[in-house]
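Notes for the one structure printed next.
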Amino acid sequence: MTFKIKVTESLDGGDSVGNIYIGKNWKYCHPYVEKIGKWIVYGNMENGFLRLNMCGISRGFDEPSTLTPEHTPPPPKSTNEQIDFKKIREGYFVKSKKDLELEIIALRKKRDE
């Protein structure tokens, strides 16, 4: 139910590199942190736990999709679509990765202004 997160960069300038927080998976909606990785986190402290914005845009770098339509491929409707679904999903993954890169660039720019 909990995870530990260490700040490696503060994109809003409001935190210190090296700070460690204990987060809690609330299970209402994604994101659900269950494996080691690098994340971009949007959240706040609640009752001593880091709480990620529910159904928000916090996400891991290895699975950078959000719950927005432009990052979530529609489910296949037929057998032929299932064959192409892997290829379609890969296209969404590439877009999600690029959007994450652009988001970080924009946040760094805003922080450094």
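Starting from 1 in every chain, residues are counted up; chains themselves are A, B, ... following the order of the structure tokens, and ligands are numbered from 1 as listed.
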
TODO: Determine which residues of chain A receive a DSSP assignment of helix (DSSP H, G or I), computed from the backbone, and state them as an NGL selection string.
DONE: :A and (69-71 or 79-112)

TODO: Identify, on the basis of only C-alpha atoms, every residue whose closest approach to range 49-66 of chain A does not exceed 8 Å; exclude the query and any residue fewer than 4 positions from it along the same chain; express the result as an NGL selection string.
DONE: :A and (21-26 or 28-31 or 37-45 or 71-72 or 92-93 or 96-97 or 100)

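Across chain A, DSSP run on the backbone finds strand (DSSP E) at Thr2, Phe3, Lys4, Ile5, Lys6, Ile20, Tyr21, Ile22, Gly23, Lys24, Trp39, Ile40, Gly43, Asn44, Met45, Glu46, Phe49, Leu50, Arg51, Leu52, Arg59 and Gly60 of chain A.
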
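A straight line drawn from CA of Arg108 in chain A to CA of Ile5 in chain A is 20.0 Å long.
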
Task: Atomic distance CA of Thr8 in chain A - CA of Asn47 in chain A, expressed in Å with one decimal - done: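 Between CA of Thr8 in chain A and CA of Asn47 in chain A the gap is 23.2 Å.
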
Contact residues around range 111-113 of chain A with only C-alpha atoms at 12 Å, ignoring same-chain residues under 2 positions, as a compact mmCIF listing (two decimals) with C-alpha atoms, in the first residue's frame:
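Listed below is the output, out_28.txt:
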```
# COMPACT_ATOMS: atom_id res chain seq x y z
CA GLU A 9 14.83 17.07 -9.36
CA SER A 10 12.21 19.60 -8.33
CA LEU A 11 10.46 20.87 -11.43
CA ASP A 12 8.64 23.63 -9.55
CA GLY A 13 11.59 24.59 -7.35
CA GLY A 14 9.59 23.88 -4.20
CA ASP A 15 11.47 20.82 -2.97
CA ILE A 104 9.65 18.29 -18.44
CA ILE A 105 11.30 20.86 -20.72
CA ALA A 106 8.36 23.25 -20.22
CA LEU A 107 8.36 22.76 -16.43
CA ARG A 108 12.12 23.38 -16.22
CA LYS A 109 11.76 26.53 -18.32
```

Open item on the list: If I take CA of Lys110 in chain A and CA of Ile36 in chain A, how far is one from the other in Å, to one decimal?
Closed with: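 Interatomic distance, CA of Lys110 in chain A to CA of Ile36 in chain A: 28.2 Å.
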